[in-house]
Structure formats: C-alpha cells, structure tokens
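Shown below: upload29.txt, with compact mmCIF, C-alpha atoms.
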```
# COMPACT_ATOMS: atom_id res chain seq x y z
CA MET A 1 107.00 -179.18 85.07
CA ILE A 2 106.91 -175.38 85.19
CA GLU A 3 103.54 -174.01 86.30
CA PHE A 4 102.18 -170.83 84.71
CA ALA A 5 99.67 -168.67 86.52
CA GLY A 6 96.31 -168.70 84.77
CA LEU A 7 97.40 -171.44 82.35
CA ASP A 8 96.84 -175.16 82.18
CA THR A 9 99.35 -177.77 81.09
CA SER A 10 97.69 -178.44 77.71
CA PRO A 11 100.04 -179.26 74.81
CA TYR A 12 98.35 -176.56 72.77
CA THR A 13 100.47 -173.46 72.34
CA VAL A 14 99.76 -170.42 70.24
CA HIS A 15 102.62 -171.40 67.92
CA ASN A 16 101.25 -174.83 67.06
CA VAL A 17 97.67 -173.58 66.72
CA PHE A 18 98.33 -170.55 64.49
CA THR A 19 101.11 -171.50 62.06
CA PRO A 20 101.76 -168.83 59.39
CA THR A 21 105.08 -170.31 58.28
CA GLN A 22 104.33 -174.03 58.22
CA PRO A 23 101.48 -176.38 57.21
CA ALA A 24 98.53 -176.26 59.61
CA LYS A 25 97.78 -179.40 61.58
CA LEU A 26 95.54 -178.52 64.51
CA THR A 27 93.62 -175.91 62.53
CA PHE A 28 93.50 -177.80 59.23
CA ILE A 29 90.24 -177.15 57.41
CA ASP A 30 88.78 -179.83 55.15
CA ARG A 31 87.85 -178.50 51.72
CA ASP A 32 85.64 -181.34 50.56
CA ILE A 33 85.67 -181.09 46.76
CA VAL A 34 89.41 -180.40 46.49
CA ASN A 35 90.23 -182.95 49.20
CA ASN A 36 88.25 -185.73 47.52
CA ASP A 37 89.81 -185.05 44.12
CA LEU A 38 93.30 -185.15 45.62
CA ILE A 39 92.70 -188.37 47.56
CA ASP A 40 91.30 -190.04 44.42
CA ALA A 41 94.38 -189.00 42.43
CA LEU A 42 96.78 -190.19 45.14
CA GLU A 43 95.06 -193.58 45.41
CA THR A 44 94.82 -194.25 41.65
CA PRO A 45 97.84 -196.27 40.43
CA GLY A 46 99.80 -194.61 37.64
CA THR A 47 98.14 -191.21 38.03
CA GLN A 48 100.65 -188.41 38.48
CA VAL A 49 99.46 -185.23 40.18
CA VAL A 50 99.86 -181.50 39.60
CA VAL A 51 98.57 -179.31 42.46
CA TYR A 52 98.50 -175.61 41.66
CA GLY A 53 97.07 -172.32 42.87
CA HIS A 54 97.97 -168.89 44.20
CA THR A 55 100.61 -168.47 46.88
CA GLY A 56 98.88 -168.79 50.25
CA SER A 57 95.89 -170.75 48.94
CA GLY A 58 96.75 -173.64 51.26
CA LYS A 59 98.28 -176.07 48.76
CA THR A 60 101.07 -177.30 51.02
CA THR A 61 98.81 -177.68 54.06
CA LEU A 62 96.24 -179.59 52.02
CA LEU A 63 98.82 -181.89 50.45
CA THR A 64 100.68 -182.53 53.72
CA ASN A 65 97.51 -183.58 55.53
CA LYS A 66 96.18 -185.73 52.69
CA LEU A 67 99.46 -187.52 51.97
CA GLU A 68 99.38 -188.83 55.53
CA GLN A 69 96.12 -190.64 54.71
CA VAL A 70 97.66 -192.54 51.78
CA TYR A 71 101.44 -192.85 52.37
CA SER A 72 103.35 -193.70 55.51
CA HIS A 73 106.29 -191.63 54.21
CA HIS A 74 107.07 -189.28 51.36
CA ILE A 75 110.10 -187.37 50.15
CA THR A 76 110.02 -183.69 49.19
CA THR A 77 112.26 -181.75 46.83
CA ARG A 78 111.97 -177.96 47.08
CA CYS A 79 113.04 -176.29 43.87
CA MET A 80 114.90 -173.00 43.68
CA LYS A 81 115.67 -170.70 40.80
CA GLY A 82 118.63 -172.03 38.83
CA MET A 83 118.21 -175.60 40.03
CA THR A 84 118.86 -178.20 37.33
CA PHE A 85 116.99 -181.41 36.59
CA GLU A 86 120.08 -183.40 37.56
CA GLN A 87 120.22 -181.65 40.94
CA ILE A 88 116.57 -182.50 41.50
CA LEU A 89 117.24 -186.18 40.87
CA THR A 90 120.28 -186.17 43.17
CA GLU A 91 118.44 -184.37 45.97
CA ALA A 92 115.60 -186.92 45.84
CA PHE A 93 118.08 -189.80 45.83
CA ASP A 94 119.79 -188.44 48.95
CA GLN A 95 116.49 -188.53 50.84
CA LEU A 96 116.22 -192.28 50.28
CA THR A 97 119.26 -192.93 52.49
CA PRO A 98 117.36 -193.52 55.78
CA PHE A 99 115.14 -196.14 54.15
CA TYR A 100 117.85 -198.13 52.41
CA GLU A 101 120.53 -197.80 55.10
CA SER A 102 118.17 -199.00 57.85
CA ASP A 103 116.84 -201.78 55.62
CA ARG A 104 120.17 -203.25 54.51
CA SER A 105 120.17 -206.09 57.03
CA ASN A 106 116.83 -207.41 55.82
CA SER A 107 117.22 -206.82 52.08
CA SER A 108 119.09 -210.06 51.42
CA SER A 109 116.05 -212.12 52.39
CA GLU A 110 114.25 -211.19 49.20
CA SER A 111 116.17 -211.36 45.93
CA ALA A 112 114.19 -208.57 44.21
CA LYS A 113 114.50 -206.31 47.20
CA GLY A 114 118.15 -207.18 47.53
CA ALA A 115 118.79 -206.25 43.91
CA ILE A 116 117.16 -202.85 44.41
CA SER A 117 119.19 -202.23 47.55
CA ALA A 118 122.37 -203.22 45.73
CA SER A 119 121.46 -200.77 42.97
CA TYR A 120 121.02 -198.04 45.58
CA LEU A 121 124.43 -198.75 47.12
CA ALA A 122 126.13 -198.75 43.71
CA ILE A 123 124.65 -195.38 42.81
CA LYS A 124 125.57 -193.97 46.20
CA SER A 125 129.17 -195.11 45.83
CA SER A 126 129.32 -193.62 42.36
CA LEU A 127 127.99 -190.29 43.62
CA GLU A 128 130.54 -190.18 46.39
CA ALA A 129 133.32 -191.01 43.93
CA THR A 130 132.37 -188.21 41.53
CA LYS A 131 132.54 -185.32 43.95
CA ILE A 132 134.45 -182.45 42.35
CA LYS A 133 135.69 -179.14 43.62
CA ALA A 134 134.03 -176.20 41.89
CA VAL A 135 135.67 -172.83 41.35
CA ASN A 136 133.86 -171.32 44.32
CA SER A 137 135.11 -174.18 46.54
CA THR A 138 131.66 -175.65 47.09
CA GLU A 139 131.19 -179.35 46.52
CA LYS A 140 129.18 -180.52 43.52
CA ARG A 141 128.45 -184.03 42.36
CA ALA A 142 128.33 -185.21 38.80
CA LEU A 143 125.27 -187.35 38.07
CA PRO A 144 126.43 -190.97 37.68
CA PRO A 145 125.17 -192.93 34.67
CA GLN A 146 123.28 -195.29 36.97
CA LEU A 147 121.05 -192.55 38.41
CA THR A 148 118.49 -192.42 35.64
CA PRO A 149 114.84 -191.41 36.13
CA GLN A 150 113.93 -195.10 35.76
CA ALA A 151 116.41 -196.15 38.47
CA LEU A 152 115.22 -193.42 40.82
CA GLY A 153 111.59 -194.37 40.16
CA ARG A 154 112.29 -198.00 41.09
CA LEU A 155 114.06 -196.96 44.28
CA ILE A 156 111.16 -194.71 45.30
CA GLY A 157 108.59 -197.35 44.28
CA ASN A 158 110.40 -200.08 46.22
CA SER A 159 110.45 -197.86 49.32
CA GLY A 160 106.67 -197.35 49.05
CA GLN A 161 106.95 -193.58 49.04
CA CYS A 162 105.56 -190.67 47.09
CA TRP A 163 107.81 -187.93 45.64
CA VAL A 164 106.65 -184.33 46.09
CA ILE A 165 108.35 -181.70 43.93
CA GLU A 166 107.54 -178.22 45.27
CA ASP A 167 107.79 -174.93 43.36
CA PHE A 168 108.73 -176.46 40.02
CA HIS A 169 107.42 -173.29 38.36
CA LYS A 170 110.66 -171.61 39.52
CA ILE A 171 112.75 -173.83 37.25
CA GLU A 172 113.81 -172.79 33.74
CA ALA A 173 111.65 -173.94 30.83
CA THR A 174 114.28 -176.40 29.58
CA GLU A 175 114.24 -178.18 32.93
CA LYS A 176 110.43 -178.32 32.93
CA ASP A 177 110.56 -180.21 29.63
CA LYS A 178 112.62 -182.89 31.35
CA LEU A 179 110.03 -183.17 34.13
CA SER A 180 107.41 -184.01 31.54
CA GLN A 181 109.46 -187.06 30.55
CA LEU A 182 110.01 -187.90 34.22
CA LEU A 183 106.25 -188.04 34.76
CA LYS A 184 105.98 -190.43 31.81
CA VAL A 185 108.63 -192.70 33.34
CA PHE A 186 106.76 -192.84 36.66
CA MET A 187 103.49 -193.60 34.84
CA ASP A 188 105.07 -196.58 33.13
CA LEU A 189 106.63 -197.82 36.38
CA ALA A 190 103.20 -197.97 38.01
CA TYR A 191 102.66 -201.44 36.49
CA GLU A 192 105.59 -202.66 38.58
CA TYR A 193 105.11 -200.34 41.57
CA PRO A 194 101.42 -199.27 41.85
CA CYS A 195 102.12 -196.69 44.55
CA VAL A 196 104.94 -194.85 42.77
CA LYS A 197 103.87 -191.27 42.16
CA ILE A 198 105.08 -187.72 41.62
CA VAL A 199 103.15 -184.74 42.95
CA CYS A 200 104.19 -181.41 41.41
CA LEU A 201 103.29 -178.40 43.53
CA GLY A 202 103.25 -174.96 41.92
CA ALA A 203 102.10 -171.48 42.93
CA VAL A 204 100.58 -170.41 39.63
CA ASP A 205 97.17 -170.02 38.04
CA THR A 206 97.26 -172.91 35.56
CA ALA A 207 98.73 -176.40 35.74
CA ARG A 208 100.61 -175.93 32.46
CA GLN A 209 102.70 -173.19 34.07
CA VAL A 210 103.93 -175.83 36.51
CA VAL A 211 104.75 -178.43 33.89
CA ASP A 212 103.86 -178.74 30.21
CA TYR A 213 103.41 -182.43 29.45
CA ASP A 214 102.58 -184.36 26.28
CA LYS A 215 98.95 -184.60 25.16
CA GLU A 216 99.12 -188.39 25.35
CA MET A 217 99.72 -188.08 29.11
CA LYS A 218 96.70 -185.88 29.81
CA GLU A 219 94.42 -188.69 30.97
CA ARG A 220 97.04 -189.91 33.42
CA VAL A 221 97.83 -186.57 35.07
CA ALA A 222 95.37 -185.19 37.62
CA GLU A 223 95.34 -181.39 37.71
CA ILE A 224 94.13 -180.22 41.13
CA ALA A 225 93.39 -176.49 41.41
CA VAL A 226 93.43 -175.18 44.98
CA PRO A 227 91.43 -171.94 45.17
CA LEU A 228 91.92 -169.20 47.71
CA MET A 229 90.06 -169.89 50.92
CA THR A 230 86.47 -168.75 51.28
CA GLU A 231 85.36 -166.47 54.12
CA ASP A 232 83.66 -169.43 55.82
CA GLU A 233 86.90 -171.45 55.68
CA LEU A 234 88.88 -168.57 57.17
CA PHE A 235 86.28 -168.18 59.92
CA SER A 236 86.68 -171.92 60.60
CA ILE A 237 90.43 -171.51 61.14
CA ILE A 238 89.75 -168.79 63.71
CA THR A 239 87.00 -170.82 65.41
CA LYS A 240 89.21 -173.90 65.73
CA GLY A 241 91.97 -171.75 67.20
CA GLU A 242 89.55 -170.25 69.73
CA LYS A 243 88.49 -173.69 70.98
CA LEU A 244 92.04 -175.03 71.19
CA LEU A 245 93.35 -172.02 73.14
CA ASN A 246 90.17 -171.22 75.09
CA ILE A 247 90.04 -167.67 73.73
CA ARG A 248 87.38 -165.63 71.95
CA PHE A 249 87.84 -163.01 69.25
CA ASN A 250 84.99 -160.53 69.16
CA GLN A 251 82.91 -160.48 65.98
CA SER A 252 84.25 -157.23 64.52
CA THR A 253 87.80 -158.52 65.02
CA LYS A 254 86.99 -161.77 63.22
CA ARG A 255 85.47 -159.84 60.31
CA LYS A 256 88.58 -157.71 59.99
CA VAL A 257 90.90 -160.73 60.03
CA VAL A 258 88.84 -162.48 57.34
CA LYS A 259 88.64 -159.28 55.29
CA TYR A 260 92.39 -158.67 55.33
CA ALA A 261 93.38 -162.31 54.97
CA CYS A 262 91.96 -161.93 51.45
CA GLY A 263 91.61 -165.70 51.02
CA ILE A 264 95.20 -166.30 52.16
CA ALA A 265 95.43 -168.72 55.09
CA SER A 266 98.93 -167.63 56.11
CA ILE A 267 97.80 -164.02 56.65
CA CYS A 268 94.87 -165.25 58.75
CA HIS A 269 97.27 -167.32 60.88
CA ARG A 270 99.76 -164.45 61.17
CA LEU A 271 97.18 -161.89 62.33
CA CYS A 272 95.71 -164.34 64.86
CA LEU A 273 99.19 -165.19 66.16
CA ASN A 274 100.06 -161.49 66.46
CA MET A 275 96.83 -160.79 68.35
CA CYS A 276 97.56 -163.57 70.80
CA THR A 277 101.07 -162.20 71.30
CA SER A 278 99.60 -158.73 71.90
CA ALA A 279 97.29 -160.25 74.55
CA ASN A 280 100.26 -162.12 76.10
CA ILE A 281 98.72 -165.50 75.29
CA LYS A 282 101.23 -168.31 74.79
CA TYR A 283 99.33 -171.41 75.90
CA LYS A 284 95.76 -172.64 76.22
CA GLN A 285 94.04 -170.44 78.79
CA SER A 286 92.46 -171.91 81.93
CA THR A 287 89.73 -169.27 81.76
CA LEU A 288 88.12 -167.81 78.64
CA THR A 289 90.11 -164.81 77.37
CA VAL A 290 88.62 -162.21 75.03
CA ILE A 291 90.63 -160.61 72.22
CA ASP A 292 89.30 -157.35 70.79
CA ASP A 293 89.94 -154.65 68.18
CA HIS A 294 92.75 -153.12 70.22
CA HIS A 295 94.72 -156.35 69.89
CA PHE A 296 93.87 -156.44 66.18
CA ASP A 297 95.33 -152.95 65.66
CA ASN A 298 98.51 -154.03 67.44
CA ALA A 299 98.63 -157.18 65.31
CA VAL A 300 98.36 -155.22 62.06
CA GLU A 301 101.06 -152.74 63.05
CA LYS A 302 103.36 -155.63 63.97
CA TYR A 303 102.59 -157.35 60.67
CA ILE A 304 103.40 -154.21 58.69
CA ARG A 305 106.65 -153.66 60.61
CA SER A 306 107.80 -157.21 59.92
CA ALA A 307 106.69 -157.09 56.27
CA SER A 308 107.73 -153.53 55.40
CA ASP A 309 111.09 -154.54 53.94
CA SER A 310 109.55 -157.27 51.78
CA LEU A 311 106.76 -154.89 50.70
CA LYS A 312 109.31 -152.30 49.68
CA SER A 313 111.39 -154.93 47.90
CA SER A 314 108.37 -156.16 45.94
CA PHE A 315 107.46 -152.66 44.80
CA ASP A 316 111.08 -151.85 43.97
CA LYS A 317 111.06 -154.85 41.62
CA ALA A 318 107.73 -153.84 40.13
CA LEU A 319 108.70 -150.19 39.57
CA LYS A 320 112.25 -150.82 38.38
CA ILE A 321 112.95 -149.29 34.96
CA ARG A 322 114.42 -152.14 32.92
CA ARG A 323 114.48 -150.38 29.55
CA SER A 324 113.31 -147.14 28.00
CA THR A 325 109.65 -147.29 26.95
CA LYS A 326 106.99 -144.78 26.03
CA PHE A 327 104.84 -145.63 29.06
CA ASP A 328 105.71 -146.42 32.67
CA SER A 329 103.29 -149.34 32.75
CA SER A 330 104.00 -150.48 36.30
CA THR A 331 103.25 -147.06 37.76
CA LEU A 332 100.10 -146.64 35.65
CA ILE A 333 98.72 -150.05 36.64
CA ILE A 334 99.58 -149.72 40.34
CA LYS A 335 98.06 -146.24 40.52
CA ALA A 336 94.85 -147.38 38.80
CA LEU A 337 94.38 -150.46 41.00
CA SER A 338 95.06 -148.49 44.18
CA VAL A 339 91.95 -146.33 43.71
CA VAL A 340 89.44 -149.12 42.99
CA PRO A 341 87.87 -151.64 45.39
CA GLU A 342 90.27 -154.28 46.74
CA ARG A 343 88.56 -157.04 44.75
CA GLY A 344 90.22 -155.55 41.65
CA LEU A 345 89.20 -154.96 38.05
CA ALA A 346 88.90 -156.78 34.75
CA ARG A 347 91.62 -155.86 32.27
CA LEU A 348 89.43 -153.75 29.97
CA ASN A 349 88.00 -151.75 32.88
CA LEU A 350 91.52 -151.18 34.14
CA LEU A 351 92.45 -149.95 30.66
CA LYS A 352 89.65 -147.35 30.78
CA ILE A 353 91.06 -145.87 33.99
CA ILE A 354 94.62 -145.75 32.62
CA LYS A 355 93.42 -144.09 29.41
CA GLU A 356 92.09 -141.16 31.45
CA ASP A 357 95.73 -140.20 32.03
CA GLU A 358 97.28 -141.82 28.95
CA PRO A 359 94.80 -141.83 26.02
CA ASN A 360 97.25 -143.63 23.71
CA TYR A 361 97.90 -146.52 26.06
CA THR A 362 96.92 -149.84 24.42
CA ASP A 363 95.38 -153.09 25.58
CA HIS A 364 98.29 -155.00 24.03
CA ILE A 365 100.78 -153.21 26.31
CA LEU A 366 98.53 -153.62 29.35
CA LYS A 367 97.94 -157.33 28.79
CA SER A 368 101.66 -158.03 28.54
CA HIS A 369 102.62 -156.00 31.60
CA LEU A 370 99.85 -157.35 33.84
CA ILE A 371 101.31 -160.82 33.40
CA LYS A 372 104.74 -159.54 34.41
CA LEU A 373 103.42 -158.00 37.63
CA THR A 374 102.15 -161.42 38.72
CA GLU A 375 105.65 -162.90 38.39
CA HIS A 376 108.38 -163.05 41.03
CA GLU A 377 110.83 -161.02 38.93
CA TYR A 378 108.41 -158.10 39.13
CA GLY A 379 107.62 -158.56 42.82
CA ALA A 380 104.45 -160.64 42.29
CA ILE A 381 102.41 -157.74 43.66
CA LEU A 382 99.37 -158.63 41.55
CA ARG A 383 97.33 -161.77 41.15
CA TYR A 384 94.80 -162.86 38.54
CA ASP A 385 91.63 -164.72 39.49
CA SER A 386 90.70 -166.88 36.52
CA ASN A 387 87.21 -167.46 37.93
CA SER A 388 86.25 -163.78 38.16
CA GLY A 389 88.64 -162.46 35.50
CA LEU A 390 89.85 -159.77 37.92
CA TYR A 391 93.34 -158.45 38.55
CA SER A 392 94.02 -157.25 42.09
CA PHE A 393 96.86 -156.71 44.54
CA THR A 394 98.19 -159.94 46.03
CA ASP A 395 96.95 -158.93 49.47
CA PRO A 396 95.52 -155.80 51.16
CA PHE A 397 98.93 -154.83 52.51
CA HIS A 398 100.22 -154.49 48.95
CA ARG A 399 97.21 -152.31 48.18
CA ALA A 400 97.77 -150.16 51.27
CA TYR A 401 101.45 -149.79 50.39
CA ALA A 402 100.48 -148.70 46.87
CA GLN A 403 98.09 -146.13 48.29
CA SER A 404 100.74 -144.84 50.68
CA LEU A 405 103.04 -144.21 47.71
CA GLN A 406 100.48 -141.71 46.44
CA HIS A 407 100.99 -139.64 49.59
CA THR A 408 104.69 -140.06 50.31
CA ASP A 409 108.03 -140.15 48.58
CA ALA A 410 109.12 -143.72 49.33
CA LYS A 411 112.81 -142.83 48.94
CA GLN A 412 112.58 -140.07 51.57
CA THR A 413 110.21 -141.82 53.97
CA THR A 414 111.63 -143.63 57.00
CA GLN A 415 110.38 -147.08 57.90
CA PRO A 416 108.34 -145.90 60.96
CA GLN A 417 106.68 -143.21 58.83
CA LEU A 418 105.90 -145.71 56.10
CA VAL A 419 104.49 -148.23 58.58
CA ARG A 420 102.28 -145.54 60.04
CA GLN A 421 101.06 -144.41 56.62
CA ILE A 422 100.14 -147.97 55.62
CA PHE A 423 98.40 -148.48 58.97
CA ILE A 424 96.37 -145.28 58.52
CA THR A 425 95.33 -146.44 55.06
CA LEU A 426 94.14 -149.76 56.46
CA LYS A 427 92.31 -148.04 59.31
CA GLU A 428 90.23 -146.19 56.76
CA ASP A 429 89.20 -149.55 55.36
CA TYR A 430 88.33 -150.84 58.84
CA ALA A 431 85.65 -148.17 59.05
CA VAL A 432 84.21 -149.44 55.77
CA ILE A 433 84.07 -152.98 57.15
CA GLU A 434 82.21 -151.83 60.25
CA TYR A 435 79.78 -149.79 58.15
CA GLU A 436 79.07 -152.68 55.76
CA SER A 437 78.58 -155.02 58.71
CA SER A 438 76.10 -152.66 60.40
CA VAL A 439 74.12 -152.41 57.17
CA GLU A 440 73.97 -156.20 56.83
CA HIS A 441 72.68 -156.63 60.37
```

Would you kindly transcribe this structure into structure tokens?
Amino acid sequence: MIEFAGLDTSPYTVHNVFTPTQPAKLTFIDRDIVNNDLIDALETPGTQVVVYGHTGSGKTTLLTNKLEQVYSHHITTRCMKGMTFEQILTEAFDQLTPFYESDRSNSSSESAKGAISASYLAIKSSLEATKIKAVNSTEKRALPPQLTPQALGRLIGNSGQCWVIEDFHKIEATEKDKLSQLLKVFMDLAYEYPCVKIVCLGAVDTARQVVDYDKEMKERVAEIAVPLMTEDELFSIITKGEKLLNIRFNQSTKRKVVKYACGIASICHRLCLNMCTSANIKYKQSTLTVIDDHHFDNAVEKYIRSASDSLKSSFDKALKIRRSTKFDSSTLIIKALSVVPERGLARLNLLKIIKEDEPNYTDHILKSHLIKLTEHEYGAILRYDSNSGLYSFTDPFHRAYAQSLQHTDAKQTTQPQLVRQIFITLKEDYAVIEYESSVEH
C-alpha cells in the first residue's frame, strides 16, 4: 500500500465525504419528519409515492438512503426531455435482465415463478426481434404487445423491487397522463405483489407538476415534499465531514458556507470539497488540520470558474427575446431582485419596485413571467418558496451574476473579468455576514 506523509490509511477520502454530484452516504443527514413519512409510504402496500421539491433540496440523497432500509434492490429510470412513455417502460424492462437471467436456473422449481420468467423471456425475444434502423442510424425498438404496464408491474413485483422514476416533470404533458394510469395499475397489483411500488421523483414545487393523477387515487398516493435544508442541517453536513477527515473549518468559514449554500446541499458539498482541495487535503488527516477563510475564498473562485459557463447559459435563456412585447419582463424582474436581500420578495412587493421604472407594468404580466423564470427553458434562475411566498434567485451565485450584469456588458466581458466581478460582489456580502455575526454574539 502506498504511504502518504501526514496521512493515515483510512478509507475516508475527501471525494467520498463531500459528494456534490452524487447522493451523500457518509454525510447523510436524517431529516426526521420527512424521513418518517417516506418510510411509512414505502412500507405501506399499494401506496405509490411522489417525492418533490426544489433542485438541490436533497431528494435523491434522502430517497437513496431510505430505499436501502426497505428494499434490497431497486431500479431507476432517469427521464429526459422528449422521452416517451414507451421508452420509459422499455428502459425499466431492460434493468430487470440481471435478476431474471441469473434466476433462470431456479425458476422452474416454482410454477408461478416459472411462468413469470417465461413471460420475461418472451418479451425480451420480442424486443430483440423488433429492432429497427432509424433514419439517423441509431437503433430503436418498437414496444411489443406483451410489454404492457401490467406485465411490467408483475415482473417488477415478482423480483421484489421498487421502481424509481426520476425527473418525470421533464416529460411532455401527454406522457404524464399515461403515468397516472401506470400508478393505478401498480396500485391494483399490490394485492398480488404487496411490495410493488413506483416512486416518482420531481424537482418542482408541487406534486401535481410531477404527475397529475385521478382524484380517486389521492388516498393511495403519498406526496412527500422535501424542503430545502435548514442551516442546522447544513452545519451537520460540515460537522460530519470534519470528523471523518479530521479537519476543522473555523466558525466564520462555516457561516459563509451555510449562507451561500442557501439550503442547497450540493453547494455546501461543493464548497467544502473545493476548500479541502485548496488545502491539499485528499484523505483523512493524521493530525487535526484547520481550514480558514483564505481557503474559502479560493473555493468560491474555483466554484465560479467552473460554473461561469452554466451561469451565463442560464441567463442567456432567461434574457432571450422570444417575441416582441411591450415590456422586457426578464430584465425588469432580474434587475429588481438583484437589489433586494437574497431571501427575495413576494410578488406584489416585487411589482412595486418594477413600477418605479415602468408604471404601466401589470401584476398579470409579472405573475406569468415569474413562473417562466423558474422553468428550465428560461434558465431556472428563480425559485418560489411556497412556505414564505417569496421569489428569489436559485442560489447566491445567480444573484451575484445578476448584480455583475449591472456593472458590466456581459457580451464584452471576458470570463476571467466576469469571474472576478462575481467574486467581488460576493465578497461584499461576506462582510455583511461577519457584521451580522458580530452583532449576534
């Protein structure tokens, strides 16, 4: 084994402790009320589940950790824009191959199990036989008559697995209607297979934006809202990471991370990872290592550099002129929100600020356009908190970018200049954090 000076041979590395791009395991934080509701829904036969919340609220991490308590295995279908209902069924069917192929030798011992396995093999053969060449030379498969929602449900139920459908909100409305019927099929199959279940995962503010199901199904669908993380929960992520890696972030650094994570676990993980990289920490330290504000500044600059293209892309989508209108709503809204506290504003208060420049601007126009700016097509630069009724930028880096646009011409500004301008804007907020903290203590 390779020995590293100043390091022990612990399995903990900075990349499996702080995980901005994958579900957290070592630093998973229990969120009691949400966790209990989810476990109850997963354990109740026939109950289908819709888990929803803002991007970055920790939905996937929560679900991944809790599924392991109830199911030994589960299959996951990740939806993309343009994906059809038939493709979703086929993709789920393909994931059953390891279970049924490895189980073929034993399936004949039980007639019911053997019949299900035979059904699987027949559908698989039919799928293979219906491969067609598309115009663009990619292979597509026509859905065979045997692969119905009922057949797929029986195959999943027989395998003892749960089916997770991620990002169903990205699918067209016509495809969502079909999912509603799919949920009904799985509900009915629960009498035969008590564990069969679909979990729909969507990054939106209401469950009905994920899937709109029939009223008669309401009592058999559990809607689990996952809120953004609280400051205490974000502090807990940092504290767990400190113990696992034998490091210590100073208090002002922790406050800044929590402040700029803005309830989003992935930002908290990313900033902590960047700070460790800045301090040249890759593994658990043999002696306690302190990380300070200097490392935090480096972490933020690195974050902005890596995110600058996506920030620009998001704002390009938001500010794009799609048709001629009397008001440039995107610019008016972004400008107004960039000069108010980062927690955001209620719609009517936002309207008052816009009216200072555009007296004839109406609430009807504002209401419609605010919704658009929370959607992917418009860059999803805003989010709406249904609890507080406030609209705000998705994260502080979006806000800082918006503020930098007030001082620079984005088209003429180079990436290094833009990164520096955003960093300067954030530095001004750091001073506010330190001042507020000194007042509190």

Contacts of Thr55 (chain A) at 8 Å (all atoms listed in the file; same-chain gap of 6+ positions) as a list in words | Ala203, Val204 and Ile264 of chain A

Store the residues picked out above, limited to C-alpha atoms, as a PDB file, keeping the file's coordinate frame.
```
ATOM      1  CA  ALA A 203     102.100-171.480  42.930  1.00  0.00           C
ATOM      2  CA  VAL A 204     100.580-170.410  39.630  1.00  0.00           C
ATOM      3  CA  ILE A 264      95.200-166.300  52.160  1.00  0.00           C
TER       4      ILE A 264
END
```

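Of the residues listed (A:Gln251, A:Thr374, A:Thr84, A:Asn158), A:Asn158 shows the shortest atom-to-atom separation from Tyr120 (chain A); distances use only C-alpha atoms.
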
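A straight line drawn from CA of Pro227 (chain A) to CA of Asp309 (chain A) is 27.7 Å long.
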
Fewer than 4 positions away in the same chain doesn't count, so skip those; otherwise give me all residues within 12 Å of Leu337 (chain A), counting all atoms listed in the file, as a ChimeraX atom specification. /A:330-333,341-347,349-354,370,381-383,390-394,396,398-403,406

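The shortest atom-to-atom distance to Glu43 (chain A), with only C-alpha atoms taken into account, belongs to A:Lys66 out of A:Lys218, A:Lys282, A:His73, A:Lys66.
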
Give me the residues within 12 Å of Glu192 (chain A) as a PDB file with C-alpha atoms, in the frame of the given file, counting all atoms listed in the file and dropping any in the same chain fewer than 6 places off.
```pdb
ATOM      1  CA  PRO A  45      97.840-196.270  40.430  1.00  0.00           C
ATOM      2  CA  GLY A  46      99.800-194.610  37.640  1.00  0.00           C
ATOM      3  CA  ALA A 112     114.190-208.570  44.210  1.00  0.00           C
ATOM      4  CA  GLN A 150     113.930-195.100  35.760  1.00  0.00           C
ATOM      5  CA  GLY A 153     111.590-194.370  40.160  1.00  0.00           C
ATOM      6  CA  ARG A 154     112.290-198.000  41.090  1.00  0.00           C
ATOM      7  CA  LEU A 155     114.060-196.960  44.280  1.00  0.00           C
ATOM      8  CA  ILE A 156     111.160-194.710  45.300  1.00  0.00           C
ATOM      9  CA  GLY A 157     108.590-197.350  44.280  1.00  0.00           C
ATOM     10  CA  ASN A 158     110.400-200.080  46.220  1.00  0.00           C
ATOM     11  CA  GLY A 160     106.670-197.350  49.050  1.00  0.00           C
ATOM     12  CA  VAL A 185     108.630-192.700  33.340  1.00  0.00           C
ATOM     13  CA  PHE A 186     106.760-192.840  36.660  1.00  0.00           C
TER      14      PHE A 186
END
```

re CA of Phe168 (chain A) and CA of Leu147 (chain A): distance 20.3 Å

For Met217 (chain A), the closest of A:Leu271, A:Leu182, A:Ala380, A:Ala299 counting all atoms listed in the file is A:Leu182

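Of the listed residues (A:Ser57, A:Val258, A:Arg220, A:Gly82), A:Arg220 comes nearest to Met187 (chain A); the distances count all atoms listed in the file.
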
The residue from A:Thr27, A:Ser72, A:Ser126, A:Thr21 with the smallest atom-to-atom distance to Leu245 (chain A), counting only C-alpha atoms, is A:Thr27

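Near (99.0, -187.8, 54.8), the residues that fall inside 12 Å on the basis of all atoms listed in the file are Pro23, Lys25, Asn35, Leu38, Ile39, Leu42, Glu43, Thr60, Thr61, Leu62, Leu63, Thr64, Asn65, Lys66, Leu67, Glu68, Gln69, Val70, Tyr71, Ser72, His73, His74, Gln161 and Cys162 of chain A.
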
Please output region 380-391 of chain A, rebuilt to include N, CA and C atoms, as a CSV table (one decimal), in the coordinates of the input.
```csv
chain,number,residue,atom,x,y,z
A,380,ALA,N,105.7,-159.9,42.1
A,380,ALA,CA,104.4,-160.6,42.3
A,380,ALA,C,103.5,-159.9,43.1
A,381,ILE,N,103.3,-158.6,42.9
A,381,ILE,CA,102.4,-157.7,43.7
A,381,ILE,C,101.0,-157.9,43.2
A,382,LEU,N,100.7,-158.4,42.0
A,382,LEU,CA,99.4,-158.6,41.6
A,382,LEU,C,99.0,-160.1,41.4
A,383,ARG,N,97.8,-160.4,41.4
A,383,ARG,CA,97.3,-161.8,41.2
A,383,ARG,C,96.1,-161.7,40.2
A,384,TYR,N,95.9,-162.8,39.5
A,384,TYR,CA,94.8,-162.9,38.5
A,384,TYR,C,93.9,-164.0,39.0
A,385,ASP,N,92.6,-163.7,39.1
A,385,ASP,CA,91.6,-164.7,39.5
A,385,ASP,C,90.9,-165.2,38.2
A,386,SER,N,91.3,-166.4,37.8
A,386,SER,CA,90.7,-166.9,36.5
A,386,SER,C,89.2,-167.1,36.6
A,387,ASN,N,88.7,-167.3,37.8
A,387,ASN,CA,87.2,-167.5,37.9
A,387,ASN,C,86.4,-166.2,37.7
A,388,SER,N,86.9,-165.1,38.3
A,388,SER,CA,86.2,-163.8,38.2
A,388,SER,C,86.8,-162.9,37.0
A,389,GLY,N,88.0,-163.3,36.6
A,389,GLY,CA,88.6,-162.5,35.5
A,389,GLY,C,89.2,-161.1,36.0
A,390,LEU,N,89.4,-161.0,37.3
A,390,LEU,CA,89.8,-159.8,37.9
A,390,LEU,C,91.3,-159.8,38.3
A,391,TYR,N,92.0,-158.7,38.1
A,391,TYR,CA,93.3,-158.4,38.6
A,391,TYR,C,93.3,-157.6,39.8
```
